[in-house]
Every structure is written in C-alpha cells, then in structure tokens.
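Visitor: Pasting start.pdb here (PDB, C-alpha atoms):
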ATOM      1  CA  MET A   1     -12.632   3.340 -16.481
ATOM      2  CA  ARG A   2      -9.180   1.822 -16.042
ATOM      3  CA  LEU A   3      -8.993   3.626 -12.709
ATOM      4  CA  VAL A   4     -12.245   1.979 -11.586
ATOM      5  CA  VAL A   5     -10.905  -1.505 -12.425
ATOM      6  CA  ILE A   6      -7.593  -0.789 -10.666
ATOM      7  CA  GLY A   7      -9.505   0.444  -7.621
ATOM      8  CA  LEU A   8     -11.690  -2.685  -7.553
ATOM      9  CA  VAL A   9      -8.675  -5.024  -7.703
ATOM     10  CA  ALA A  10      -6.895  -3.034  -4.987
ATOM     11  CA  GLY A  11      -9.995  -3.150  -2.796
ATOM     12  CA  LEU A  12     -10.199  -6.940  -3.173
ATOM     13  CA  PHE A  13      -6.558  -7.317  -2.159
ATOM     14  CA  SER A  14      -7.047  -4.894   0.707
ATOM     15  CA  ALA A  15     -10.031  -6.792   2.128
ATOM     16  CA  LEU A  16      -8.344 -10.185   1.811
ATOM     17  CA  PHE A  17      -5.026  -9.270   3.448
ATOM     18  CA  GLY A  18      -5.790  -6.292   5.726
ATOM     19  CA  VAL A  19      -3.514  -3.909   3.849
ATOM     20  CA  GLY A  20      -4.202  -0.647   2.044
ATOM     21  CA  GLY A  21      -3.856  -2.013  -1.468
ATOM     22  CA  GLY A  22      -1.082   0.353  -2.568
ATOM     23  CA  ILE A  23       1.154  -2.558  -3.451
ATOM     24  CA  LEU A  24      -1.208  -3.181  -6.396
ATOM     25  CA  VAL A  25      -2.373   0.400  -7.104
ATOM     26  CA  VAL A  26       1.170   1.647  -7.829
ATOM     27  CA  PRO A  27       2.222  -0.930 -10.458
ATOM     28  CA  LEU A  28      -1.233  -0.955 -12.075
ATOM     29  CA  LEU A  29      -1.198   2.856 -12.384
ATOM     30  CA  ILE A  30       2.236   2.614 -14.018
ATOM     31  CA  LEU A  31       1.545  -0.363 -16.311
ATOM     32  CA  VAL A  32      -2.171   0.041 -17.117
ATOM     33  CA  ALA A  33      -2.913   3.769 -16.738
ATOM     34  CA  ARG A  34       0.550   4.831 -18.031
ATOM     35  CA  TYR A  35       1.436   7.023 -15.068
ATOM     36  CA  ASP A  36       5.020   8.000 -14.344
ATOM     37  CA  GLU A  37       6.469   6.527 -11.151
ATOM     38  CA  ARG A  38       6.239   9.544  -8.831
ATOM     39  CA  PRO A  39       2.653  10.604  -9.688
ATOM     40  CA  ALA A  40       1.592   6.933  -9.452
ATOM     41  CA  MET A  41       3.103   6.581  -5.978
ATOM     42  CA  ALA A  42       1.722   9.923  -4.755
ATOM     43  CA  THR A  43      -1.785   9.311  -6.095
ATOM     44  CA  SER A  44      -1.742   5.827  -4.582
ATOM     45  CA  LEU A  45      -1.018   7.283  -1.135
ATOM     46  CA  ALA A  46      -3.995   9.635  -1.357
ATOM     47  CA  ALA A  47      -6.288   6.793  -2.497
ATOM     48  CA  ILE A  48      -5.024   4.505   0.285
ATOM     49  CA  GLY A  49      -5.841   7.193   2.855
ATOM     50  CA  LEU A  50      -9.476   7.064   1.723
ATOM     51  CA  ILE A  51      -9.607   3.238   1.624
ATOM     52  CA  ALA A  52      -8.033   2.905   5.087
ATOM     53  CA  LEU A  53     -10.388   5.534   6.520
ATOM     54  CA  VAL A  54     -13.472   3.625   5.366
ATOM     55  CA  GLY A  55     -11.993   0.296   6.477
ATOM     56  CA  ALA A  56     -10.955   1.596   9.902
ATOM     57  CA  VAL A  57     -14.362   3.186  10.535
ATOM     58  CA  SER A  58     -16.134  -0.037   9.559
ATOM     59  CA  TYR A  59     -13.885  -2.171  11.817
ATOM     60  CA  GLY A  60     -14.271   0.483  14.534
ATOM     61  CA  LEU A  61     -18.039   0.088  14.475
ATOM     62  CA  HIS A  62     -17.483  -3.626  15.176
ATOM     63  CA  GLY A  63     -15.133  -2.779  18.046
ATOM     64  CA  GLU A  64     -12.090  -4.510  16.507
ATOM     65  CA  LEU A  65      -9.666  -1.554  16.667
ATOM     66  CA  LYS A  66      -6.700  -1.326  19.055
ATOM     67  CA  PRO A  67      -5.913   2.422  18.873
ATOM     68  CA  GLY A  68      -2.908   2.187  21.224
ATOM     69  CA  ALA A  69      -1.199  -0.502  19.149
ATOM     70  CA  ALA A  70      -2.061   1.368  15.950
ATOM     71  CA  ALA A  71      -0.435   4.530  17.349
ATOM     72  CA  VAL A  72       2.754   2.669  18.374
ATOM     73  CA  VAL A  73       3.405   1.683  14.746
ATOM     74  CA  GLY A  74       1.413   4.394  12.924
ATOM     75  CA  LEU A  75       2.979   7.512  14.443
ATOM     76  CA  PRO A  76       6.628   6.525  13.799
ATOM     77  CA  ALA A  77       5.421   5.428  10.342
ATOM     78  CA  ALA A  78       4.021   8.912   9.632
ATOM     79  CA  ALA A  79       7.460  10.383  10.399
ATOM     80  CA  GLY A  80       9.038   7.683   8.250
ATOM     81  CA  ALA A  81       6.681   8.496   5.371
ATOM     82  CA  VAL A  82       7.858  12.118   5.366
ATOM     83  CA  GLY A  83      11.451  10.840   5.109
ATOM     84  CA  GLY A  84      10.469   8.311   2.450
ATOM     85  CA  THR A  85       8.783  10.876   0.202
ATOM     86  CA  TRP A  86      11.825  13.144   0.627
ATOM     87  CA  LEU A  87      14.105  10.325  -0.472
ATOM     88  CA  GLN A  88      11.805   9.508  -3.389
ATOM     89  CA  GLN A  89      12.253  12.960  -4.945
ATOM     90  CA  ARG A  90      16.021  12.417  -4.934
ATOM     91  CA  LEU A  91      16.200   8.953  -6.484
ATOM     92  CA  ALA A  92      16.261   8.319 -10.240
ATOM     93  CA  THR A  93      12.935   7.027 -11.565
ATOM     94  CA  ARG A  94      14.731   3.941 -12.881
ATOM     95  CA  THR A  95      16.217   3.106  -9.472
ATOM     96  CA  LEU A  96      12.837   3.654  -7.839
ATOM     97  CA  SER A  97      11.053   1.409 -10.319
ATOM     98  CA  LEU A  98      13.552  -1.448 -10.049
ATOM     99  CA  ALA A  99      13.607  -1.270  -6.241
ATOM    100  CA  PHE A 100       9.818  -1.399  -6.213
ATOM    101  CA  ALA A 101       9.818  -4.393  -8.602
ATOM    102  CA  ALA A 102      12.230  -6.142  -6.208
ATOM    103  CA  LEU A 103       9.917  -5.407  -3.250
ATOM    104  CA  LEU A 104       6.929  -6.799  -5.198
ATOM    105  CA  ALA A 105       8.848  -9.935  -6.162
ATOM    106  CA  GLY A 106       9.828 -10.433  -2.515
ATOM    107  CA  ILE A 107       6.210 -10.152  -1.358
ATOM    108  CA  ALA A 108       5.078 -12.471  -4.184
ATOM    109  CA  VAL A 109       7.559 -15.138  -3.047
ATOM    110  CA  TRP A 110       6.382 -14.709   0.551
ATOM    111  CA  LEU A 111       2.770 -15.218  -0.573
ATOM    112  CA  LEU A 112       3.672 -18.283  -2.659
ATOM    113  CA  ILE A 113       5.661 -20.239  -0.058
TER
ATOM    114  CA  MET B   1       9.050  -2.001  26.768
ATOM    115  CA  TRP B   2      11.385  -3.689  24.251
ATOM    116  CA  ALA B   3       8.340  -4.875  22.318
ATOM    117  CA  LEU B   4       7.051  -1.288  22.090
ATOM    118  CA  LEU B   5      10.441  -0.012  20.909
ATOM    119  CA  ALA B   6      10.737  -2.819  18.351
ATOM    120  CA  ALA B   7       7.196  -2.156  17.105
ATOM    121  CA  GLY B   8       7.945   1.578  16.832
ATOM    122  CA  ALA B   9      11.171   0.897  14.928
ATOM    123  CA  LEU B  10       9.370  -1.456  12.516
ATOM    124  CA  GLY B  11       6.671   1.211  12.136
ATOM    125  CA  LEU B  12       9.348   3.736  11.176
ATOM    126  CA  VAL B  13      10.780   1.346   8.557
ATOM    127  CA  ALA B  14       7.280   0.644   7.213
ATOM    128  CA  GLY B  15       6.706   4.404   6.980
ATOM    129  CA  VAL B  16       9.891   5.010   4.990
ATOM    130  CA  LEU B  17       8.871   2.249   2.547
ATOM    131  CA  ALA B  18       5.343   3.691   2.437
ATOM    132  CA  GLY B  19       6.607   7.165   1.556
ATOM    133  CA  LEU B  20       9.256   5.889  -0.838
ATOM    134  CA  PHE B  21       6.981   3.596  -2.860
ATOM    135  CA  GLY B  22       3.506   5.061  -2.292
ATOM    136  CA  VAL B  23       2.145   2.043  -0.439
ATOM    137  CA  GLY B  24       0.345   2.204   2.895
ATOM    138  CA  GLY B  25       2.727   0.100   4.945
ATOM    139  CA  GLY B  26       0.102  -2.485   5.907
ATOM    140  CA  ILE B  27       2.214  -5.328   4.565
ATOM    141  CA  LEU B  28       4.631  -4.658   7.484
ATOM    142  CA  PHE B  29       2.091  -3.320  10.006
ATOM    143  CA  VAL B  30       0.062  -6.548  10.152
ATOM    144  CA  PRO B  31       2.999  -8.881  11.027
ATOM    145  CA  THR B  32       4.373  -6.275  13.484
ATOM    146  CA  LEU B  33       1.027  -6.067  15.282
ATOM    147  CA  THR B  34       0.593  -9.847  15.477
ATOM    148  CA  LEU B  35       4.175 -11.040  16.093
ATOM    149  CA  VAL B  36       5.578  -8.152  18.185
ATOM    150  CA  LEU B  37       2.539  -6.719  19.951
ATOM    151  CA  GLY B  38       0.601 -10.004  20.160
ATOM    152  CA  LEU B  39      -2.658  -8.887  18.546
ATOM    153  CA  THR B  40      -4.974 -11.446  16.928
ATOM    154  CA  GLN B  41      -5.040 -11.511  13.112
ATOM    155  CA  LEU B  42      -8.420  -9.757  13.018
ATOM    156  CA  HIS B  43      -7.392  -7.007  15.476
ATOM    157  CA  ALA B  44      -4.111  -6.582  13.609
ATOM    158  CA  GLU B  45      -5.789  -6.178  10.222
ATOM    159  CA  ALA B  46      -8.254  -3.650  11.669
ATOM    160  CA  SER B  47      -5.578  -1.678  13.566
ATOM    161  CA  SER B  48      -3.252  -1.797  10.542
ATOM    162  CA  LEU B  49      -5.847   0.216   8.614
ATOM    163  CA  LEU B  50      -5.905   2.764  11.462
ATOM    164  CA  ALA B  51      -2.080   2.982  11.409
ATOM    165  CA  ILE B  52      -2.130   3.500   7.626
ATOM    166  CA  LEU B  53      -4.184   6.696   8.113
ATOM    167  CA  PRO B  54      -1.444   8.970   9.573
ATOM    168  CA  THR B  55       1.128   7.312   7.289
ATOM    169  CA  ALA B  56      -0.810   7.932   4.074
ATOM    170  CA  ALA B  57      -1.883  11.396   5.242
ATOM    171  CA  ALA B  58       1.713  12.480   5.993
ATOM    172  CA  GLY B  59       2.973  11.012   2.708
ATOM    173  CA  ALA B  60       0.187  12.538   0.608
ATOM    174  CA  TRP B  61       0.689  15.914   2.335
ATOM    175  CA  ARG B  62       4.380  15.925   1.362
ATOM    176  CA  GLN B  63       3.637  14.654  -2.148
ATOM    177  CA  ARG B  64       1.093  17.450  -2.642
ATOM    178  CA  ARG B  65       3.903  19.945  -2.057
ATOM    179  CA  TYR B  66       6.002  18.149  -4.675
ATOM    180  CA  GLY B  67       3.018  18.431  -7.065
ATOM    181  CA  ASN B  68       2.740  14.681  -7.705
ATOM    182  CA  VAL B  69      -0.811  13.923  -6.477
ATOM    183  CA  ARG B  70      -3.661  13.528  -9.007
ATOM    184  CA  TRP B  71      -6.603  14.125  -6.676
ATOM    185  CA  ARG B  72      -9.444  13.235  -9.028
ATOM    186  CA  ALA B  73      -7.808   9.895  -9.906
ATOM    187  CA  ALA B  74      -7.196   9.208  -6.194
ATOM    188  CA  LEU B  75     -10.889   9.789  -5.471
ATOM    189  CA  VAL B  76     -12.013   7.436  -8.288
ATOM    190  CA  LEU B  77      -9.516   4.765  -7.145
ATOM    191  CA  GLY B  78     -10.557   5.088  -3.524
ATOM    192  CA  LEU B  79     -14.286   4.859  -4.218
ATOM    193  CA  ALA B  80     -13.864   1.887  -6.586
ATOM    194  CA  ALA B  81     -11.667   0.175  -3.996
ATOM    195  CA  ILE B  82     -14.400   0.474  -1.387
ATOM    196  CA  ALA B  83     -16.693  -1.517  -3.710
ATOM    197  CA  GLY B  84     -13.832  -3.996  -4.180
ATOM    198  CA  VAL B  85     -13.520  -4.384  -0.424
ATOM    199  CA  GLU B  86     -17.149  -5.490  -0.208
ATOM    200  CA  ALA B  87     -16.601  -8.062  -2.986
ATOM    201  CA  GLY B  88     -13.362  -9.181  -1.327
ATOM    202  CA  VAL B  89     -15.141 -10.037   1.896
ATOM    203  CA  GLN B  90     -17.596 -12.259  -0.036
ATOM    204  CA  ILE B  91     -14.734 -14.029  -1.850
ATOM    205  CA  ALA B  92     -12.722 -14.441   1.343
ATOM    206  CA  VAL B  93     -15.470 -16.502   2.965
ATOM    207  CA  ALA B  94     -16.003 -18.599  -0.189
ATOM    208  CA  LEU B  95     -12.405 -19.509  -1.131
ATOM    209  CA  PRO B  96      -9.707 -21.217   0.988
ATOM    210  CA  GLU B  97      -6.986 -18.786   2.106
ATOM    211  CA  HIS B  98      -4.036 -20.690   0.612
ATOM    212  CA  ALA B  99      -5.663 -20.528  -2.832
ATOM    213  CA  LEU B 100      -5.984 -16.746  -2.491
ATOM    214  CA  ARG B 101      -2.368 -16.371  -1.384
ATOM    215  CA  ARG B 102      -1.152 -18.353  -4.401
ATOM    216  CA  LEU B 103      -3.388 -16.412  -6.764
ATOM    217  CA  PHE B 104      -2.165 -13.025  -5.517
ATOM    218  CA  GLY B 105       1.430 -14.256  -5.278
ATOM    219  CA  ALA B 106       1.356 -15.294  -8.939
ATOM    220  CA  LEU B 107      -0.318 -12.011  -9.915
ATOM    221  CA  MET B 108       2.326  -9.948  -8.099
ATOM    222  CA  LEU B 109       5.212 -11.941  -9.541
ATOM    223  CA  GLY B 110       3.844 -11.196 -13.021
ATOM    224  CA  VAL B 111       3.434  -7.500 -12.181
ATOM    225  CA  ALA B 112       6.986  -7.293 -10.758
ATOM    226  CA  ALA B 113       8.486  -8.938 -13.855
ATOM    227  CA  ASN B 114       6.481  -6.657 -16.137
ATOM    228  CA  LEU B 115       7.591  -3.533 -14.256
ATOM    229  CA  ALA B 116      11.256  -4.562 -14.222
ATOM    230  CA  TRP B 117      11.144  -5.469 -17.935
ATOM    231  CA  ARG B 118       9.535  -2.146 -18.864
ATOM    232  CA  THR B 119      12.049  -0.177 -16.800
ATOM    233  CA  LEU B 120      15.117  -1.959 -18.155
ATOM    234  CA  ARG B 121      13.920  -1.653 -21.750
ATOM    235  CA  ARG B 122      13.180   2.057 -21.426
ATOM    236  CA  PRO B 123      15.804   4.585 -22.492
ATOM    237  CA  THR B 124      17.127   6.808 -19.714
ATOM    238  CA  TYR B 125      15.524  10.088 -20.870
ATOM    239  CA  PRO B 126      12.226  11.113 -19.192
ATOM    240  CA  SER B 127       9.137   9.397 -20.593
ATOM    241  CA  ARG B 128       5.523  10.515 -21.115
ATOM    242  CA  ARG B 129       3.411  11.958 -18.290
ATOM    243  CA  GLY B 130       0.329  10.283 -16.830
ATOM    244  CA  PRO B 131      -3.130  11.604 -17.785
TER
END
Please lay out the structure from this file as structure tokens.

Guide:
Amino acid sequence: MRLVVIGLVAGLFSALFGVGGGILVVPLLILVARYDERPAMATSLAAIGLIALVGAVSYGLHGELKPGAAAVVGLPAAAGAVGGTWLQQRLATRTLSLAFAALLAGIAVWLLI
Amino acid sequence: MWALLAAGALGLVAGVLAGLFGVGGGILFVPTLTLVLGLTQLHAEASSLLAILPTAAAGAWRQRRYGNVRWRAALVLGLAAIAGVEAGVQIAVALPEHALRRLFGALMLGVAANLAWRTLRRPTYPSRRGP
C-alpha cells in the first residue's frame, strides 16, 4: 500500500516536470517503506524504466520525440550509469545518503527560487 | 559539433548521478536538451523520458547483478506511478506552474532534511533490511 502511494506521488512529479520521478521514489522508499539505501536506489531505477517507457511511448504517439537528441544524451548516460552503480557499491551507505540529501536540497532550492 | 560534445558530456554526468543515486537523470536531461540542443520544453520533456530508458536499463541491469533490485516492488511502484502521471497532467493544467514548483521545492527540502537527520542520528553499524 505504501508502495502504491509512493508510486502515485512519483508519477505526479514525473508528469509535472518531465523527469522519471526517482528523485522522490528513492527518499520515500528509504523514509516511508524503510528500505536500505542500495535496494531503494536499485528498485527505483527499475521502476523508473517502466515509467519512462510508458511516458515515452505516449509522447511518441503524439509525435513529440526527438530520438537523435535523446540518443546524444541517453547513450553516454547509459555508460555513466554503469560507472555510477559501480561507484555506489564502493561508497559507505552513510556517505551515499548524505550526498543524496545534499543533491535533493540543491534541487529544492532550485525549484524554490 | 561543440553543442553535441557538451550535450554528450552532460549526459555522461547525468548517467553517473543516475547510477549512483538510483534516479533517472531527467533533472539534468531536460535542461541539457533545451539549453544546449535547443529543443522546446515539450520536446525536451518527451525526449528526456526516451533518454532515461537506456540509462535506467543499464543501471538496473548492473544493480540486478549486485542483488539490490526488488522486482515486485518496482512493478507496483511503476504501475502506481503511471496512474499518478494521469492525475499529474490534470493538475498541471489546473494550477499555475510557479505554485507547483514551490510546493515540490518545499516537499523536497523537507525530505532532504529528514534523510540527513536520519542518517546522522543512525549509528554506523548496518541497519535493518527493506521488506
């Protein structure tokens, strides 16, 4: 049930800002569903894949996609994600959590100003 | 040419953050697509979702090998989020954008503070597992 609520909130955020929603799924999994950091971040990635797939198909049907531009950022990002997950396994959970909190605070400030 | 290289480099950075923190990278993809590649906001948001696909797939594939992915939970989250997306579109047309930004900004500031507080308070030994 908690997962359903977290998913709904993430979907709202995703629709409003054109992002995958992971920025909310990860902390809510940790704080509300009591996940540890690494399973929360891994499960979030899998969920985001599904959300983005549905979103991309629905935008694609409206002809709004620019596949070339998406590939220019998305393919280097896929390589980066492999590096990022590698790094994640080697960082202390505490470091990971605090760095993520700092990222969230930065985005919050950007949204507020 | 320089724009393509810059966009690719920003994509790489977004991917590292995506893999490191389990987010999709959209928060960096959208500004890269609009400011560097000159897409409109709508095209950028749509193409950002397409760019998230290989990013999330590569990250989830690696995380599966580390044994961190809870597939059933991911499916529930993903399906619920799709319903949330539909509701989000309705809200987006009803509310002014700056109100939404402030609302989410305040929400995220609270979440960040909560996460930092919980982490700092916690002893350094490993804590409980997720369900």

Visitor: For Ile51 (chain A), which residue among A:Ala102, A:Ala10, A:Leu3, A:Ile113 is the nearest when counting only C-alpha atoms?

Guide: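 Comparing A:Ala102, A:Ala10, A:Leu3, A:Ile113 against Ile51 (chain A), the winner is A:Ala10.
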
Visitor: In Å, with one decimal, what is the gap from CA of Ala113 (chain B) to CA of Trp86 (chain A)?

Guide: 26.6 Å

Visitor: Pick out the residues sitting within 12 Å of Ser58 (chain A), and hand them over as a VMD selection string; count only C-alpha atoms, and ignore anything fewer than 5 positions along from it in its own chain.

Guide: (chain A and resid 15 51 to 53 63 to 65) or (chain B and resid 46 to 47 49 to 50 82 85 to 86)

Visitor: What does the file look like for those residues with C-alpha atoms, as an mmCIF file, in the coordinates of the input?

Guide:
data_model
loop_
_atom_site.group_PDB
_atom_site.id
_atom_site.type_symbol
_atom_site.label_atom_id
_atom_site.label_comp_id
_atom_site.auth_asym_id
_atom_site.auth_seq_id
_atom_site.Cartn_x
_atom_site.Cartn_y
_atom_site.Cartn_z
ATOM 1 C CA ALA A 15 -10.031 -6.792 2.128
ATOM 2 C CA ILE A 51 -9.607 3.238 1.624
ATOM 3 C CA ALA A 52 -8.033 2.905 5.087
ATOM 4 C CA LEU A 53 -10.388 5.534 6.520
ATOM 5 C CA GLY A 63 -15.133 -2.779 18.046
ATOM 6 C CA GLU A 64 -12.090 -4.510 16.507
ATOM 7 C CA LEU A 65 -9.666 -1.554 16.667
ATOM 8 C CA ALA B 46 -8.254 -3.650 11.669
ATOM 9 C CA SER B 47 -5.578 -1.678 13.566
ATOM 10 C CA LEU B 49 -5.847 0.216 8.614
ATOM 11 C CA LEU B 50 -5.905 2.764 11.462
ATOM 12 C CA ILE B 82 -14.400 0.474 -1.387
ATOM 13 C CA VAL B 85 -13.520 -4.384 -0.424
ATOM 14 C CA GLU B 86 -17.149 -5.490 -0.208
#

Visitor: To verify the selection step, state as a ChimeraX atom specification which residues the PyMOL selection byres ((chain B and resi 60) around 12) yields on this input.

Guide: /A:38-50,78,81-82,84-86 /B:18-24,52-59,61-71,74

Visitor: Can you work out which one of B:Leu95, B:Leu28, B:Leu115, B:Ala7 has the shortest atom-to-atom distance to Ile30 (chain A), counting all atoms listed in the file?

Guide: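 Looking only at the distances to Ile30 (chain A), the closest residue turns out to be B:Leu115.
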
Visitor: In Å, rounded to a single decimal, give me how far CA of Gly21 (chain A) is from CA of Leu5 (chain B).

Guide: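 Atom-to-atom, CA of Leu5 (chain B) and CA of Gly21 (chain A) are spaced 26.6 Å apart.
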
Visitor: Could you spell out the hits of the PyMOL selection byres ((chain B and resi 105) around 7) on the shown file, as a count of residues only?

Guide: 12

Visitor: Give as a VMD selection string the set of residues within 12 Å of the point (-16.8, -10.4, -1.3), where distances use the file's coordinates and only C-alpha atoms.

Guide: (chain A and resid 8 to 9 11 to 16) or (chain B and resid 82 to 95)

Visitor: Keeping only C-alpha atoms, write the selected residues to a file as a short mmCIF file (atom, residue, chain, number, x, y, z; two decimals), in the frame of the given file.

Guide:
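Here's the written file result_19.cif:
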data_model
loop_
_atom_site.label_atom_id
_atom_site.label_comp_id
_atom_site.auth_asym_id
_atom_site.auth_seq_id
_atom_site.Cartn_x
_atom_site.Cartn_y
_atom_site.Cartn_z
CA LEU A 8 -11.69 -2.68 -7.55
CA VAL A 9 -8.68 -5.02 -7.70
CA GLY A 11 -9.99 -3.15 -2.80
CA LEU A 12 -10.20 -6.94 -3.17
CA PHE A 13 -6.56 -7.32 -2.16
CA SER A 14 -7.05 -4.89 0.71
CA ALA A 15 -10.03 -6.79 2.13
CA LEU A 16 -8.34 -10.18 1.81
CA ILE B 82 -14.40 0.47 -1.39
CA ALA B 83 -16.69 -1.52 -3.71
CA GLY B 84 -13.83 -4.00 -4.18
CA VAL B 85 -13.52 -4.38 -0.42
CA GLU B 86 -17.15 -5.49 -0.21
CA ALA B 87 -16.60 -8.06 -2.99
CA GLY B 88 -13.36 -9.18 -1.33
CA VAL B 89 -15.14 -10.04 1.90
CA GLN B 90 -17.60 -12.26 -0.04
CA ILE B 91 -14.73 -14.03 -1.85
CA ALA B 92 -12.72 -14.44 1.34
CA VAL B 93 -15.47 -16.50 2.96
CA ALA B 94 -16.00 -18.60 -0.19
CA LEU B 95 -12.40 -19.51 -1.13
#

Visitor: Please, what distance in Å, to one decimal, runs between CA of Leu35 (chain B) and CA of Val54 (chain A)?

Guide: 25.3 Å

Visitor: For the structure provided, state which residues fall under the PyMOL selection byres ((chain B and resi 45) around 9), and present them as an MDAnalysis selection string.

Guide: (chainID A and resid 17:19 65) or (chainID B and resid 26 29:30 33 40:44 46:49)

Visitor: Quick one: residues within 10 Å of Pro76 (chain A), only C-alpha atoms, excluding same-chain residues fewer than 3 positions away - as an MDAnalysis selection string?

Guide: (chainID A and resid 71:73 79:81) or (chainID B and resid 7:16 51 54:55)

Visitor: Counting only C-alpha atoms, which of B:Leu17, B:Gly38, B:Ala99, B:Arg121 gets nearest to chain A?

Guide: B:Leu17

Visitor: From the list A:Leu98, A:Gln88, A:Ala33, A:Ala69, which residue is nearest Leu120 (chain B) when using only C-alpha atoms?

Guide: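 Counting only C-alpha atoms, the residue closest to Leu120 (chain B) is A:Leu98.
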
Visitor: For region 28-37 of chain B, what centre and edge lengths in Å (one decimal) does the axis-aligned box get once 8 Å is added on each side of all its listed atoms, as AutoDock Vina command-line options?

Guide:
--center_x 2.8 --center_y -7.2 --center_z 13.7 --size_x 21.5 --size_y 23.7 --size_z 28.5

Visitor: Mind listing whatever residues come within 9 Å of the point (-3.4, -2.5, -10.6)? Use all atoms listed in the file, file coordinates, and give them as an NGL selection string.

Guide: (:A and (3 or 5-10 or 22-33)) or (:B and (111))
